[in-house]
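A.B. asks: The following block contains the structure, expressed as structure tokens.
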There are 4 protein chains.
Amino acid sequence: MTSSASDPVSLLTASHSAIDASSAQALLNAAIEAKSRAYCPYSRFRVGAAILACPANTPEVIGGASPKPVVVEAKLFTGVNVENASYPVGVCAERCAFGTAVAAGYPRIIAIAVSTDINPPASPCGMCRQFMREFVIGEDVCVAMMGRKAEETSITEGTIVKRFGELLPMSFGPEDLPSVKDSALVGE
Amino acid sequence: MTSSASDPVSLLTASHSAIDASSAQALLNAAIEAKSRAYCPYSRFRVGAAILACPANTPEVIGGASPKPVVVEAKLFTGVNVENASYPVGVCAERCAFGTAVAAGYPRIIAIAVSTDINPPASPCGMCRQFMREFVIGEDVCVAMMGRKAEETSITEGTIVKRFGELLPMSFGPEDLPSVKDSALVGE
Amino acid sequence: MTSSASDPVSLLTASHSAIDASSAQALLNAAIEAKSRAYCPYSRFRVGAAILACPANTPEVIGGASPKPVVVEAKLFTGVNVENASYPVGVCAERCAFGTAVAAGYPRIIAIAVSTDINPPASPCGMCRQFMREFVIGEDVCVAMMGRKAEETSITEGTIVKRFGELLPMSFGPEDLPSVKDSALVGE
Amino acid sequence: MTSSASDPVSLLTASHSAIDASSAQALLNAAIEAKSRAYCPYSRFRVGAAILACPANTPEVIGGASPKPVVVEAKLFTGVNVENASYPVGVCAERCAFGTAVAAGYPRIIAIAVSTDINPPASPCGMCRQFMREFVIGEDVCVAMMGRKAEETSITEGTIVKRFGELLPMSFGPEDLPSVKDSALVGE
């Protein structure tokens, strides 16, 4: 397999110095694999999510081509959609994965992958985009959306990669709340 | 006061044939006025929302310059943020307003205004954008975001207007759920 | 029709001095009627809610047999479940109704009715009980749960009435948050 | 230390054959320990949760005194509250822990512990009780609520233990949705 500039693995490795081809591949595979444990008896719409996340004290420097690459310890976390008979009480796969990461002390997200069974691939819902907003290390964090084709054909053909900033432009965030002390926010 | 092509009232009236200057002005004023009833003892961040909405059977034609303007019966609804001691249980102002409209039999949204006390004005959170997704009559529906300046200086200076499609690009929606019968969705 | 001590109308009128037989009946009918406007293409589970609510400055005195009945201005509000393609983004009927009431300046709830199409009638989900917690005027507020039989047979046979305190015992509420100033809370 | 019939460890071990004194103690300690990683810049109200959960195929038999104790493989999971600038988007500690367990293939909950910094200890909010409803192995599952005293004085003095059925009576659940196939639900 040759890798082009637009395939998911290349885009992920280019997006952050802590992501190499092997961890990018592991991220994508983990999202697909997690999907099998989705709890979705109501929608029958399975979602698996995976993220690469860093500890709270990780600096905000980003970019694979940085001359002095930042050494960060990124770890892989997964999540699934967890539905409830009272539909609004459920948790989406992305928020499930982020929660697991935060609870483990890894609240700074550097890459996201979401796997569903449809084509083209589903994008994260607005609520999950808002949840991510608090934890992505910057607007350039990659969100890889993987559809059925990613499993049936190839990851490259079945995956769309977008920057976080493209998915939630003009976002509402912590700095909009005047009463919040900056020092209380994650990683600061 | 002269009205320019980029002031909120002009943008709103240009966006849908059912919106004239008077209803656009009423929409903006209603968002500001609603804010005074916000229930936000935890964040102290007041939000007022107002929407113009139509009955379920309203056709999808949009655009003020349409040669055969569609006659629709638009009605004004308001909402506020309603917080809860368990923070995730609260409801944002936009969803409050949309819920009121849907319960009244007006589930097709043609314009949205949100008023907060900060500058620049706050945008709707991702969760509210997702909620809107189900009910906006099209991607061109205007979202008017009003900041403190809208009250202290002028509505034109203190307001930013965006198309819904600009706020939630590549959105996740009903058509992504294979099991959903189209006929069950709103307005169809 | 003779009314017994355990029928819904009697229980409602006994629970608060501002509720007479006519407003109790209106409350129950409104919950059933609202249900027809539910937006539930995903669950096909229709829910209608109705509440009697008072302005923010209403005193906390409660009980129909009070020697000096408190004169309060109670108003009727309705809500429906409003679902979303992203299930957790939806709003339940009860929260929809409460939001409408709060936005209208009526945040103190004195009675609740919920109508569904099943037997025995569905109870409010835990999330809605938590939402109510912030606004019920006391633990004795009645929650009337109406099933299909309420429409097919009679309201008395198809309705179960419980006190709010029975539905959310040992509840989590505003007073558990040390940082909250009491004066900021509703009606105080 | 002598253990009485009403101390948390005894109550937990009596509630399910898969819980011994050592796993009960580990559960309680884990909830306290997790709390240090809470992300709560808005409420400053730290919550840590821990659960003992089993794989999806675990049978429903419960009770420590069962003559033929069921051998189940229980595993410990933790969670924290993860707040968001848009308050309703946050996730409570309990749901965070349950999501982690479900994503790991352990969706059947046999015990829950929640730790906060107040006295008396905070109880799970209604939304979390509803979330639990889908995954607790029965109404007798213990919910241990731990306050500040559990750390400052002793776990026994600072902890209140309740059965799940006591916290969410007359609950709304999967069986209320007529359209749901039983076979789709967890553990069946």
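Going through the structure tokens in order, the chains are called A, B, and so on, while each chain numbers its residues from 1 and the ligands are numbered from 1 in the order shown.
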Could you name the residues that touch Thr116 of chain A at 10 Å or less, counting only C-alpha atoms, but leaving out those on the same chain fewer than 5 positions away, as a PyMOL selection string?
C.D. replies: chain A and resi 31-32+35+45-49+121-123+145-151
A.B. asks: Residues of chain B within 12 Å of chain D, counting only C-alpha atoms, what are they? List them as a PDB file with N, CA and C atoms, in the first residue's frame.
C.D. replies:
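Result file out_31.pdb:
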ATOM      1  N   CYS B  40     -30.894  31.282  35.445  1.00  0.00           N
ATOM      2  CA  CYS B  40     -29.480  30.904  35.338  1.00  0.00           C
ATOM      3  C   CYS B  40     -28.722  31.225  36.624  1.00  0.00           C
ATOM      4  N   PRO B  41     -29.187  30.659  37.770  1.00  0.00           N
ATOM      5  CA  PRO B  41     -28.503  30.958  39.031  1.00  0.00           C
ATOM      6  C   PRO B  41     -27.092  30.387  39.098  1.00  0.00           C
ATOM      7  N   TYR B  42     -26.754  29.448  38.218  1.00  0.00           N
ATOM      8  CA  TYR B  42     -25.449  28.785  38.301  1.00  0.00           C
ATOM      9  C   TYR B  42     -24.422  29.484  37.424  1.00  0.00           C
ATOM     10  N   SER B  43     -24.774  29.765  36.177  1.00  0.00           N
ATOM     11  CA  SER B  43     -23.807  30.410  35.271  1.00  0.00           C
ATOM     12  C   SER B  43     -23.878  31.928  35.341  1.00  0.00           C
ATOM     13  N   ARG B  44     -25.012  32.463  35.784  1.00  0.00           N
ATOM     14  CA  ARG B  44     -25.252  33.918  35.707  1.00  0.00           C
ATOM     15  C   ARG B  44     -25.097  34.415  34.267  1.00  0.00           C
ATOM     16  N   PHE B  45     -25.247  33.528  33.323  1.00  0.00           N
ATOM     17  CA  PHE B  45     -25.101  33.878  31.905  1.00  0.00           C
ATOM     18  C   PHE B  45     -26.494  33.839  31.275  1.00  0.00           C
ATOM     19  N   VAL B  47     -29.488  34.113  28.676  1.00  0.00           N
ATOM     20  CA  VAL B  47     -29.707  33.937  27.244  1.00  0.00           C
ATOM     21  C   VAL B  47     -31.200  34.045  26.949  1.00  0.00           C
ATOM     22  N   ASN B  81     -32.674  30.297  28.759  1.00  0.00           N
ATOM     23  CA  ASN B  81     -31.948  29.160  29.322  1.00  0.00           C
ATOM     24  C   ASN B  81     -32.542  28.814  30.688  1.00  0.00           C
ATOM     25  N   VAL B  82     -32.736  27.527  30.913  1.00  0.00           N
ATOM     26  CA  VAL B  82     -33.332  27.038  32.152  1.00  0.00           C
ATOM     27  C   VAL B  82     -32.334  26.061  32.769  1.00  0.00           C
ATOM     28  N   GLU B  83     -31.578  26.544  33.740  1.00  0.00           N
ATOM     29  CA  GLU B  83     -30.520  25.725  34.305  1.00  0.00           C
ATOM     30  C   GLU B  83     -31.036  24.812  35.419  1.00  0.00           C
ATOM     31  N   ASN B  84     -30.193  23.863  35.797  1.00  0.00           N
ATOM     32  CA  ASN B  84     -30.546  22.901  36.846  1.00  0.00           C
ATOM     33  C   ASN B  84     -29.329  22.656  37.731  1.00  0.00           C
ATOM     34  N   ALA B  85     -29.584  22.344  38.995  1.00  0.00           N
ATOM     35  CA  ALA B  85     -28.479  22.048  39.905  1.00  0.00           C
ATOM     36  C   ALA B  85     -27.604  20.928  39.339  1.00  0.00           C
ATOM     37  N   SER B  86     -28.219  19.990  38.633  1.00  0.00           N
ATOM     38  CA  SER B  86     -27.452  19.007  37.866  1.00  0.00           C
ATOM     39  C   SER B  86     -27.296  19.599  36.464  1.00  0.00           C
ATOM     40  N   TYR B  87     -26.138  20.216  36.230  1.00  0.00           N
ATOM     41  CA  TYR B  87     -25.977  21.047  35.029  1.00  0.00           C
ATOM     42  C   TYR B  87     -26.452  20.419  33.721  1.00  0.00           C
ATOM     43  N   PRO B  88     -26.129  19.132  33.460  1.00  0.00           N
ATOM     44  CA  PRO B  88     -26.519  18.581  32.149  1.00  0.00           C
ATOM     45  C   PRO B  88     -28.025  18.463  31.946  1.00  0.00           C
ATOM     46  N   VAL B  89     -28.795  18.653  32.997  1.00  0.00           N
ATOM     47  CA  VAL B  89     -30.244  18.521  32.887  1.00  0.00           C
ATOM     48  C   VAL B  89     -30.890  19.810  32.358  1.00  0.00           C
ATOM     49  N   GLY B  90     -30.165  20.899  32.363  1.00  0.00           N
ATOM     50  CA  GLY B  90     -30.712  22.168  31.910  1.00  0.00           C
ATOM     51  C   GLY B  90     -31.063  22.189  30.437  1.00  0.00           C
ATOM     52  N   VAL B  91     -31.802  23.227  30.042  1.00  0.00           N
ATOM     53  CA  VAL B  91     -32.182  23.406  28.636  1.00  0.00           C
ATOM     54  C   VAL B  91     -31.722  24.790  28.194  1.00  0.00           C
ATOM     55  N   CYS B  92     -31.082  24.870  27.032  1.00  0.00           N
ATOM     56  CA  CYS B  92     -30.636  26.157  26.499  1.00  0.00           C
ATOM     57  C   CYS B  92     -31.830  26.953  25.980  1.00  0.00           C
ATOM     58  N   ALA B  93     -31.623  28.243  25.814  1.00  0.00           N
ATOM     59  CA  ALA B  93     -32.691  29.139  25.382  1.00  0.00           C
ATOM     60  C   ALA B  93     -33.252  28.759  24.012  1.00  0.00           C
ATOM     61  N   ARG B  95     -33.289  25.794  22.499  1.00  0.00           N
ATOM     62  CA  ARG B  95     -34.118  24.583  22.554  1.00  0.00           C
ATOM     63  C   ARG B  95     -35.416  24.834  23.291  1.00  0.00           C
ATOM     64  N   ALA B 122     -22.493  35.878  21.732  1.00  0.00           N
ATOM     65  CA  ALA B 122     -22.303  34.426  21.788  1.00  0.00           C
ATOM     66  C   ALA B 122     -23.071  33.765  20.649  1.00  0.00           C
ATOM     67  N   SER B 123     -22.522  32.677  20.168  1.00  0.00           N
ATOM     68  CA  SER B 123     -23.208  31.878  19.145  1.00  0.00           C
ATOM     69  C   SER B 123     -23.945  30.726  19.828  1.00  0.00           C
ATOM     70  N   PRO B 124     -24.929  30.133  19.153  1.00  0.00           N
ATOM     71  CA  PRO B 124     -25.602  28.959  19.735  1.00  0.00           C
ATOM     72  C   PRO B 124     -24.598  27.831  19.950  1.00  0.00           C
ATOM     73  N   CYS B 125     -24.728  27.094  21.024  1.00  0.00           N
ATOM     74  CA  CYS B 125     -23.830  25.962  21.280  1.00  0.00           C
ATOM     75  C   CYS B 125     -24.114  24.855  20.266  1.00  0.00           C
ATOM     76  N   GLY B 126     -23.197  23.914  20.169  1.00  0.00           N
ATOM     77  CA  GLY B 126     -23.338  22.840  19.199  1.00  0.00           C
ATOM     78  C   GLY B 126     -24.591  22.010  19.405  1.00  0.00           C
ATOM     79  N   MET B 127     -24.992  21.830  20.659  1.00  0.00           N
ATOM     80  CA  MET B 127     -26.190  21.035  20.933  1.00  0.00           C
ATOM     81  C   MET B 127     -27.427  21.725  20.359  1.00  0.00           C
ATOM     82  N   CYS B 128     -27.499  23.048  20.502  1.00  0.00           N
ATOM     83  CA  CYS B 128     -28.645  23.780  19.955  1.00  0.00           C
ATOM     84  C   CYS B 128     -28.613  23.789  18.425  1.00  0.00           C
ATOM     85  N   GLN B 130     -27.554  21.402  16.650  1.00  0.00           N
ATOM     86  CA  GLN B 130     -28.065  20.084  16.278  1.00  0.00           C
ATOM     87  C   GLN B 130     -29.588  20.027  16.426  1.00  0.00           C
TER      88      GLN B 130
END
A.B. asks: So that I can see what lies close to segment 51-53 of chain A, please list as a list in words the residues with an atom at most 7 Å from it, counting only C-alpha atoms and leaving out residues fewer than 4 positions away in the same chain.
C.D. replies: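 Final neighbour list, sorted by chain and number: Leu27, Ala74, Lys75, Leu76, Phe77, Thr78, Ala97, Ala101, Tyr106, Pro107, Arg108, Ile109, Ile110, Ala111, Ile112 and Ala113 of chain A.
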A.B. asks: Hey, can you check how far atom CA of Ala14 of chain B sits from atom CA of Ala50 of chain B?
C.D. replies: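 So the answer is 18.2 Å.
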A.B. asks: So how far away is atom CA of Val141 of chain B from atom CA of Ser15 of chain B, in Å?
C.D. replies: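 Rounded to one decimal, the two atoms are 6.7 Å apart.
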A.B. asks: Using atom CA of Gly99 of chain A and atom CA of Glu157 of chain A as the two end points, give the distance in Å to one decimal.
C.D. replies: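 If I compute the distance from atom CA of Gly99 of chain A to atom CA of Glu157 of chain A, I get 29.7 Å.
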A.B. asks: Taking the DSSP secondary structure from the backbone, can you list the residues of chain B that are helix (DSSP H, G or I), as a PyMOL selection string?
C.D. replies: chain B and resi 8-15+21-37+87-89+93-103+126-133+148-152+155-158+164-167+174-176+182-184
A.B. asks: Could you write out the selected residues, including C-alpha atoms, as a PDB file, in the first residue's frame?
C.D. replies:
ATOM      1  CA  PRO B   8     -29.898  42.330  10.608  1.00  0.00           C
ATOM      2  CA  VAL B   9     -33.372  43.444   9.583  1.00  0.00           C
ATOM      3  CA  SER B  10     -32.426  43.542   5.891  1.00  0.00           C
ATOM      4  CA  LEU B  11     -30.717  40.170   6.033  1.00  0.00           C
ATOM      5  CA  LEU B  12     -33.695  38.608   7.757  1.00  0.00           C
ATOM      6  CA  THR B  13     -36.254  40.026   5.343  1.00  0.00           C
ATOM      7  CA  ALA B  14     -34.130  38.927   2.388  1.00  0.00           C
ATOM      8  CA  SER B  15     -33.924  35.397   3.708  1.00  0.00           C
ATOM      9  CA  ALA B  21     -39.188  44.461   8.385  1.00  0.00           C
ATOM     10  CA  SER B  22     -41.758  44.552  11.111  1.00  0.00           C
ATOM     11  CA  SER B  23     -41.598  40.833  11.955  1.00  0.00           C
ATOM     12  CA  ALA B  24     -37.779  40.910  11.751  1.00  0.00           C
ATOM     13  CA  GLN B  25     -37.697  43.773  14.224  1.00  0.00           C
ATOM     14  CA  ALA B  26     -40.165  41.988  16.471  1.00  0.00           C
ATOM     15  CA  LEU B  27     -37.982  38.853  16.405  1.00  0.00           C
ATOM     16  CA  LEU B  28     -34.872  40.748  17.485  1.00  0.00           C
ATOM     17  CA  ASN B  29     -36.673  42.664  20.211  1.00  0.00           C
ATOM     18  CA  ALA B  30     -38.292  39.504  21.532  1.00  0.00           C
ATOM     19  CA  ALA B  31     -34.918  37.773  22.014  1.00  0.00           C
ATOM     20  CA  ILE B  32     -33.657  40.708  24.069  1.00  0.00           C
ATOM     21  CA  GLU B  33     -36.831  40.963  26.072  1.00  0.00           C
ATOM     22  CA  ALA B  34     -37.020  37.214  26.842  1.00  0.00           C
ATOM     23  CA  LYS B  35     -33.523  37.323  28.340  1.00  0.00           C
ATOM     24  CA  SER B  36     -34.861  39.045  31.445  1.00  0.00           C
ATOM     25  CA  ARG B  37     -36.672  35.826  32.391  1.00  0.00           C
ATOM     26  CA  TYR B  87     -25.977  21.047  35.029  1.00  0.00           C
ATOM     27  CA  PRO B  88     -26.519  18.581  32.149  1.00  0.00           C
ATOM     28  CA  VAL B  89     -30.244  18.521  32.887  1.00  0.00           C
ATOM     29  CA  ALA B  93     -32.691  29.139  25.382  1.00  0.00           C
ATOM     30  CA  GLU B  94     -32.840  28.067  21.745  1.00  0.00           C
ATOM     31  CA  ARG B  95     -34.118  24.583  22.554  1.00  0.00           C
ATOM     32  CA  CYS B  96     -36.599  26.092  24.974  1.00  0.00           C
ATOM     33  CA  ALA B  97     -37.998  28.299  22.212  1.00  0.00           C
ATOM     34  CA  PHE B  98     -38.074  25.473  19.650  1.00  0.00           C
ATOM     35  CA  GLY B  99     -39.848  23.170  22.094  1.00  0.00           C
ATOM     36  CA  THR B 100     -42.502  25.784  22.694  1.00  0.00           C
ATOM     37  CA  ALA B 101     -42.993  26.195  18.948  1.00  0.00           C
ATOM     38  CA  VAL B 102     -43.217  22.461  18.249  1.00  0.00           C
ATOM     39  CA  ALA B 103     -45.688  21.959  21.091  1.00  0.00           C
ATOM     40  CA  GLY B 126     -23.338  22.840  19.199  1.00  0.00           C
ATOM     41  CA  MET B 127     -26.190  21.035  20.933  1.00  0.00           C
ATOM     42  CA  CYS B 128     -28.645  23.780  19.955  1.00  0.00           C
ATOM     43  CA  ARG B 129     -27.327  23.804  16.399  1.00  0.00           C
ATOM     44  CA  GLN B 130     -28.065  20.084  16.278  1.00  0.00           C
ATOM     45  CA  PHE B 131     -31.556  20.650  17.680  1.00  0.00           C
ATOM     46  CA  MET B 132     -32.201  23.362  15.046  1.00  0.00           C
ATOM     47  CA  ARG B 133     -31.033  20.967  12.339  1.00  0.00           C
ATOM     48  CA  ARG B 148     -24.582  43.612  24.668  1.00  0.00           C
ATOM     49  CA  LYS B 149     -23.873  46.261  22.062  1.00  0.00           C
ATOM     50  CA  ALA B 150     -27.204  45.461  20.417  1.00  0.00           C
ATOM     51  CA  GLU B 151     -28.825  46.980  23.474  1.00  0.00           C
ATOM     52  CA  GLU B 152     -26.264  49.648  24.380  1.00  0.00           C
ATOM     53  CA  ILE B 155     -29.001  46.376  16.933  1.00  0.00           C
ATOM     54  CA  THR B 156     -27.038  46.714  13.700  1.00  0.00           C
ATOM     55  CA  GLU B 157     -23.702  47.194  15.421  1.00  0.00           C
ATOM     56  CA  GLY B 158     -24.261  44.574  18.085  1.00  0.00           C
ATOM     57  CA  PHE B 164     -27.597  28.075   9.547  1.00  0.00           C
ATOM     58  CA  GLY B 165     -25.489  26.140   7.046  1.00  0.00           C
ATOM     59  CA  GLU B 166     -22.467  28.165   8.094  1.00  0.00           C
ATOM     60  CA  LEU B 167     -22.882  27.190  11.746  1.00  0.00           C
ATOM     61  CA  PRO B 174     -32.523  12.372  10.033  1.00  0.00           C
ATOM     62  CA  GLU B 175     -31.526  11.074   6.622  1.00  0.00           C
ATOM     63  CA  ASP B 176     -28.440   9.461   8.179  1.00  0.00           C
ATOM     64  CA  ASP B 182     -39.208   9.817   5.613  1.00  0.00           C
ATOM     65  CA  SER B 183     -42.936  10.161   6.006  1.00  0.00           C
ATOM     66  CA  ALA B 184     -42.534  10.328   9.753  1.00  0.00           C
TER      67      ALA B 184
END
A.B. asks: Among segment 53-170 of chain C, which residues carry a DSSP assignment of strand (DSSP E or B), reported as a count of residues only?
C.D. replies: 29
A.B. asks: Could you check which of B:Leu177, B:Cys142, B:Glu134, B:Ala56 is closest to Lys162 of chain B, using only C-alpha atoms?
C.D. replies: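 Looking at the shortest contact to Lys162 of chain B, the residue is B:Cys142.
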